[in-house]
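Below: the structure, in structure tokens.
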Amino acid sequence: MAKDEKITPNQRLLDMIRKPASGAARAATAGAVRATARRRRPSLLAGLLPGNKAVSVGVDISQTQLVCVKIRGRDAGFEVMGRVVVAVPEGVAPGSPEFVALLHRTLSDLCGPGPLPQVWAAAQSSRANLQFVSIPKVSSRQVDNAVFWTAKKDMGFDEAAVVFDFELRGEVAEKGAIRIGAMAYTAPRDAVEVVRGDFARAGFPLAGLTLEPFAHQNLFRRRLVPEPTATTANLHVGQNWSRLEIYANANLMFVRVIKTSMSGMIQAVQEALDAHRHSSPQAAAPGNGAGDGAGDGENGGISLSPEIAGPMLLDLDDNSAGGLVLDLDPEPAAGRAAEVAPGPGVSPDQAREAFEGIIYGCEDLPDDHPGAGLGPEEVMGMLEPVASRLVRQVEMTLKHYRESLGYDAVTRMTVSGPLGASPPFLAYIGEQTGLPCAPLDPMGDRVADVCSPQGRTAPGPTWSQALGLAFSEKAITPSALFTYAAKAAERGARLVEQWSLVGLAAALATMAFFSFDAASQVRTLTAQREALSREMAALGAAADPAGLSRLMGELRSKRESLRAFVSRNRAVGLFEQALALAPEGVALGSITSEFGPPSAPPKDGQAKPAPVPAAVETPARVVLEGMITGDARLFDSMLASYVVALENSPLFSNASVKKSDLEALEGGATGLRFVIGLSLGGE
């Protein structure tokens with residue numbers, strides 16, 4: 001492949017990073033990061049107002065490059081605002097100042113001025129664990145604990161050293177019983193803190209940190225792939241590993257990591273080209289003992305299923321595309337390649353350029369290149385021994401998923417990573433597996449092509465993981481920074497807030513009811529007043545305060561005169577009532593009454609005197625004196641009946657006989673003289 005002599009901006013950036021940074025330069029970088037953090041403030045209205053869609057950035061980190069995508073929107077009509085691929089120099093790893101500076105420059109150029117977007121990244125760690133677990137059906141309050149202890153038993157992790165989280169998968173049938181499924185995962189706590197600290201120091205704090213399979217899960221949940229609810233297997237082919245993910249109803253259900261990778265394919269091409277160039281009988285045939293595929297048998301990959309291999313530990317260090325890698329071989333891929341290094345005829349770069357012919361085409365190879373004149377089909381033929389091993393691992397995994405685990409069969413397949421843009425590779429995978437095979441490329445032709453660090457145009461499937469990370473949200477994406485415990489605490493706080501709002505709403509409703517009732521009464525009284533005013537106006541009457549005062553005075557005088565008349569004639573009325581109650585044979589001789597002094601009416605302009613307390617008022621008493629004549633045997637009964645009649649009268653009360661003596665009368669008759677004391681009724 002012809003090399004461009006012009007220095008690109010990426011090369012200048014790499015030269016700056018490779019040079020040892022002085023203390024002043026590092027201080028300047030730190031100051032720029034702090035200034036960026038101060039200048040950029042996340043908008044409180046971001047994503048809330050119409051037309052103000054949220055902006056997010058996905059960062060796919062690997063050993064060799066950073067793949068970043070910036071998008072706006074969360075639906076199928078999302079807008080790609082920028083994307084970039086930046087090479088990571090050898091020896092620069094997360095946690096180092098050089099890596100922080102690289103992050104700062106890359107994200108600053110991508111995001112530009114303005115509010116900070118939401119930044120999501122994939123976990124970079126030496127060990128990670130991802131496994132599907134199931135628990136018996138329990139109450140909602142016990143689900144978290146049940147999943148935690150079941151996963152701890154199956155995965156064997158130390159909660160103090162790892163971040164544990166899970167995502168529920170609903171009810172699943174297992175051995176005839178209905179259980180609750182969950183996809184559980186762990187990530188080393190120190191590795192999570194390193195990545196979070198790097199982004200914070202770079203001036204772009206992370207909104208979330210997840211694993212690569214969950215990034216692809218976002219694409220299915222956002223319905224950015226055809227038939228997102230169908231059972232789909234996605235094959236992600238990385239530089240040093242491959243990963244098979246199975247999704248059902250847009251949920252990640254199964255993951256298997258396979259050793260066969262692009263490095264093994266490149267080495268197979270290198271050996272085939274070298275053998276073809278030298279035409280030596282001792283040269284290795286195409287694909288024999290190729291790369292990391294050497295030694296790959298039918299059991300080269302290990303399943304995430306506990307039925308196959310128990311708890312799985314995922315190695316993320318040897319990751320050129322930000323994925324999950326099993327530490328299946330203690331020797332790195334570079335060491336294995338060195339053991340079977342080809343002869344001096346074909347260099348690794350030439351082999352890589354020839355291998356990329358199945359992705360980009362072979363037309364631009366120079367005439368002196370070892371792969372000149374080869375077509376994509378011929379290069380694919382060199383890869384067939386390695387690709388066949390990869391296909392066998394895929395077929396074994398699909399069969400295990402269908403027959404051993406009892407899930408629905410996979411109906412379609414997608415391929416992510418650079419090989420997803422290779423029509424020969426897609427045709428080969430589809431033909432061998434018997435499934436329709438398509439690239440996982442939701443980005444499509446939304447933006448112009450972007451060159452990778454090798455100078456090639458990065459194909460669409462290369463961006464799948466970074467794009468999936470950009471679509472992450474706490475509501476649908478598991479995050480090591482926001483685990484199930486934090487979600488439970490947030491749900492509790494939200495519940496308290498909701499009940500507080502309900503109580504406040506009830507209080508406001510009560511106050512509104514009384515306010516409306518008072519307003520209604522005011523309106524009613526106002527209407528009555530207006531009606532009376534209209535009636536008075538119709539009668540022609542006008543308010544005359546002086547006349548009303550004169551009338552009140554006259555009424556008061558009449559009332560006082562009547563009260564004085566009643567007071568003067570009270571004794572006559574009492575005597576008449578006493579006579580009327582006296583039975584035949586009972587004669588009254590005299591009545592004596594005792595009343596308090598009459599209260600003098602107040603004069604005009606004087607205040608009304610205060611009432612005299614009942615304890616000091618003079619009681620109104622009446623004393624009746626009379627004679628009973630007739631049959632002496634009936635004197636007592638006649639007197640008693642008279643006393644009862646007086647008691648029942650509303651004018652008298654507390655009747656008591658003070659005196660009852662027999663007395664001789666003229667003509668030899670005998671009479672009973674009595675004295676009765678009474679109180680006036682109501683006194």
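Note on naming: chains are A, B, ... as they come in the structure tokens, residues start from 1 per chain, ligands start from 1 in the order shown.
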
Exercise: Glu384 (chain A) partners within 10 Å, only C-alpha atoms, chain neighbours under 4 positions left out, as a compact mmCIF listing (two decimals) with N, CA and C atoms, in the first residue's frame:
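Once everything was written out, this is around02.txt:
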# COMPACT_ATOMS: atom_id res chain seq x y z
N MET A 265 -5.61 -14.23 11.66
CA MET A 265 -5.86 -14.18 10.22
C MET A 265 -4.73 -13.47 9.49
N ALA A 268 -1.89 -15.78 9.21
CA ALA A 268 -2.13 -16.79 8.18
C ALA A 268 -1.84 -16.22 6.80
N PRO A 286 -0.91 -22.08 3.49
CA PRO A 286 -1.77 -20.98 3.97
C PRO A 286 -2.63 -21.43 5.14
N GLY A 287 -2.46 -20.66 6.23
CA GLY A 287 -3.32 -20.89 7.39
C GLY A 287 -2.82 -21.96 8.31
N GLU A 378 -9.24 -14.55 -3.26
CA GLU A 378 -8.00 -15.29 -3.02
C GLU A 378 -7.49 -15.06 -1.60
N VAL A 379 -7.58 -13.81 -1.12
CA VAL A 379 -7.18 -13.54 0.27
C VAL A 379 -8.08 -14.29 1.23
N MET A 380 -9.37 -14.36 0.92
CA MET A 380 -10.29 -15.11 1.78
C MET A 380 -9.94 -16.59 1.79
N SER A 388 -12.54 -21.08 9.31
CA SER A 388 -13.33 -22.29 9.56
C SER A 388 -13.32 -22.65 11.04
N ARG A 389 -12.17 -22.45 11.70
CA ARG A 389 -12.15 -22.71 13.15
C ARG A 389 -13.08 -21.74 13.88
N LEU A 390 -13.08 -20.50 13.43
CA LEU A 390 -14.00 -19.52 14.03
C LEU A 390 -15.44 -19.94 13.82
N VAL A 391 -15.76 -20.41 12.62
CA VAL A 391 -17.13 -20.83 12.33
C VAL A 391 -17.52 -22.03 13.18
N PHE A 425 -16.16 -11.97 3.74
CA PHE A 425 -16.23 -12.58 5.07
C PHE A 425 -17.69 -12.80 5.49
N TYR A 428 -19.03 -15.74 3.64
CA TYR A 428 -18.48 -17.00 4.15
C TYR A 428 -19.18 -17.40 5.45

Selection near Met638 (chain A), 8 Å with only C-alpha atoms, sequence-local residues under 6 positions removed, as an NGL selection string: :A and (583 or 586 or 628)

Could the residues in this selection be written to a file with N, CA and C atoms, as an mmCIF file, in the first residue's frame?
data_model
loop_
_atom_site.group_PDB
_atom_site.id
_atom_site.type_symbol
_atom_site.label_atom_id
_atom_site.label_comp_id
_atom_site.auth_asym_id
_atom_site.auth_seq_id
_atom_site.Cartn_x
_atom_site.Cartn_y
_atom_site.Cartn_z
ATOM 1 N N PRO A 583 -108.260 25.216 94.520
ATOM 2 C CA PRO A 583 -109.427 24.347 94.341
ATOM 3 C C PRO A 583 -110.619 24.854 95.202
ATOM 4 N N VAL A 586 -110.686 26.226 99.108
ATOM 5 C CA VAL A 586 -109.431 26.901 99.481
ATOM 6 C C VAL A 586 -109.625 28.377 99.155
ATOM 7 N N ILE A 628 -108.581 26.899 104.485
ATOM 8 C CA ILE A 628 -109.290 25.792 103.864
ATOM 9 C C ILE A 628 -110.470 25.450 104.765
#

Neighbour list for region 91-103 of chain A as a PyMOL selection string, cut-off 7 Å, only C-alpha atoms, skip fewer than 3 positions in-chain: chain A and resi 17+29+88+106-107+194-195+198+201-202

Write out the residues from the selection above, keeping C-alpha atoms, as a compact mmCIF listing (two decimals), in the first residue's frame.
# COMPACT_ATOMS: atom_id res chain seq x y z
CA ILE A 17 2.87 12.24 23.22
CA THR A 29 -1.95 20.47 30.48
CA VAL A 88 -2.75 4.96 21.46
CA THR A 106 -9.22 13.90 21.71
CA LEU A 107 -12.44 14.78 23.53
CA VAL A 194 -8.66 4.32 37.31
CA VAL A 195 -10.86 4.86 34.25
CA ASP A 198 -8.67 9.50 33.99
CA ARG A 201 -8.74 14.59 35.22
CA ALA A 202 -9.21 15.04 31.48

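Residue nearest Asp60 (chain A), chosen from A:Leu209, A:Met552, A:Val566, A:Val147 and counting only C-alpha atoms: A:Leu209.
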
Among listed residues A:Ile676, A:Leu440, A:Val84, A:Val394, nearest Gln217 (chain A) (using only C-alpha atoms): A:Leu440

Of the listed residues A:Asp367, A:Glu535, A:Glu159, A:Glu171, that which approaches Lys137 (chain A) most closely, counting only C-alpha atoms: A:Glu171

Distance in Å - CA of Ala409 (chain A) versus CA of Asn251 (chain A): 14.8 Å

DSSP strand (DSSP E or B) residues within region 561-594 of chain A, listed as JSON, numbers by chain: {"A": [586, 587, 588, 589, 590, 591, 592, 593, 594]}

Okay, now the selection with C-alpha atoms, as a PDB file, in the first residue's frame?
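Output (again.pdb):
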ATOM      1  CA  VAL A 586    -109.431  26.901  99.481  1.00  0.00           C
ATOM      2  CA  ALA A 587    -109.697  30.648 100.048  1.00  0.00           C
ATOM      3  CA  LEU A 588    -106.789  33.076  99.826  1.00  0.00           C
ATOM      4  CA  GLY A 589    -106.592  35.795 102.358  1.00  0.00           C
ATOM      5  CA  SER A 590    -103.515  37.732 101.299  1.00  0.00           C
ATOM      6  CA  ILE A 591    -100.441  37.600  99.023  1.00  0.00           C
ATOM      7  CA  THR A 592     -97.146  39.145  99.870  1.00  0.00           C
ATOM      8  CA  SER A 593     -94.438  39.515  97.209  1.00  0.00           C
ATOM      9  CA  GLU A 594     -90.830  40.575  97.448  1.00  0.00           C
TER      10      GLU A 594
END

Alpha helix (DSSP H) per DSSP on the backbone: members of region 447-676 of chain A, as a PyMOL selection string: chain A and resi 464-470+484-539+545-568+570-581+635-648

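Of the listed residues (A:Ala207, A:Val55, A:Asp109, A:Gly176), A:Ala207 comes nearest to Ser479 (chain A); the distances count only C-alpha atoms.
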
Å distance separating CA of Leu624 (chain A) from CA of Ser637 (chain A), one decimal place: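 CA of Leu624 (chain A) sits 17.6 Å away from CA of Ser637 (chain A).
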
Interatomic distance, CA of Leu467 (chain A) to CA of Glu490 (chain A) (Å, one decimal):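 If I compute the distance from CA of Leu467 (chain A) to CA of Glu490 (chain A), I get 27.6 Å.
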
Distance criterion (only C-alpha atoms): nearest to Leu419 (chain A) out of A:Pro370, A:Gly357, A:Pro442, A:Gly406: A:Gly357
